[in-house]
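Worksheet: one structure, shown below.
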Amino acid sequence: MTVFISIRYIGVTLEIEGADMSKAHRGKGTVEFENRGRAKCPVCKRTAVKAVYEVEVGENKIQVCKQCKAGIAHGKLKEELAAL
Ligand SMILES: [Zn+2]
C-alpha cells in the first residue's frame, strides 16, 4: 500500500512516498499470515518460528525462517535444501 503524505511548510509541499508503509514481517504486518507466520521451518526444523521468508529452491518457492533465509543467501545450507 502506498500512502502519500503532504507536508506544507512555508508554501512548499513535500510528497513523501511510502511514509506509512508497514513492515510485512514484523508487528502488525504479521497479522496477514496464518498463525501470525509462526510455523515449522522446513530447513532447520525448528517449530513456532516465523517462517515467512520466501526463497527459491530449484523451481519451487518455500517459506523459511529468517536465519535460514540468510544462510541460503550466503550459499550455505545446501545439504538441508537438497533433502527437501
Ligand atoms: Zn529455518
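Note on naming: chains are A, B, ... as they come in the C-alpha cells, residues start from 1 per chain, ligands start from 1 in the order shown.
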Got a sec: who's within 10 Å of region 69-78 of chain A, counting only C-alpha atoms, leaving out chain neighbours fewer than 3 positions off, as a list in words?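 Residues near the query, excluding close chain neighbours: Val43, Cys44, Ala51, Val52, Tyr53, Glu54, Val55, Glu56, Val57, Gln63, Val64, Cys65, Lys66, Leu81, Ala82 and Ala83 of chain A.
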When distances are computed from only C-alpha atoms and all ligand atoms, which of A:Val49, A:Ile62, A:Cys41, A:Leu84 shows the smallest separation from ligand 1? A:Cys41
Suppose you want the space between CA of Lys50 (chain A) and CA of Arg36 (chain A); what is it in Å?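 Going from CA of Lys50 (chain A) over to CA of Arg36 (chain A), I get 7.7 Å.
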Identify which of the residues A:Gly58, A:Pro42, A:Gly29, A:Gly37 lies closest to ligand 1, counting only C-alpha atoms and all ligand atoms when measuring atom-to-atom distances.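 The shortest atom-to-atom distance to ligand 1 comes from A:Pro42.
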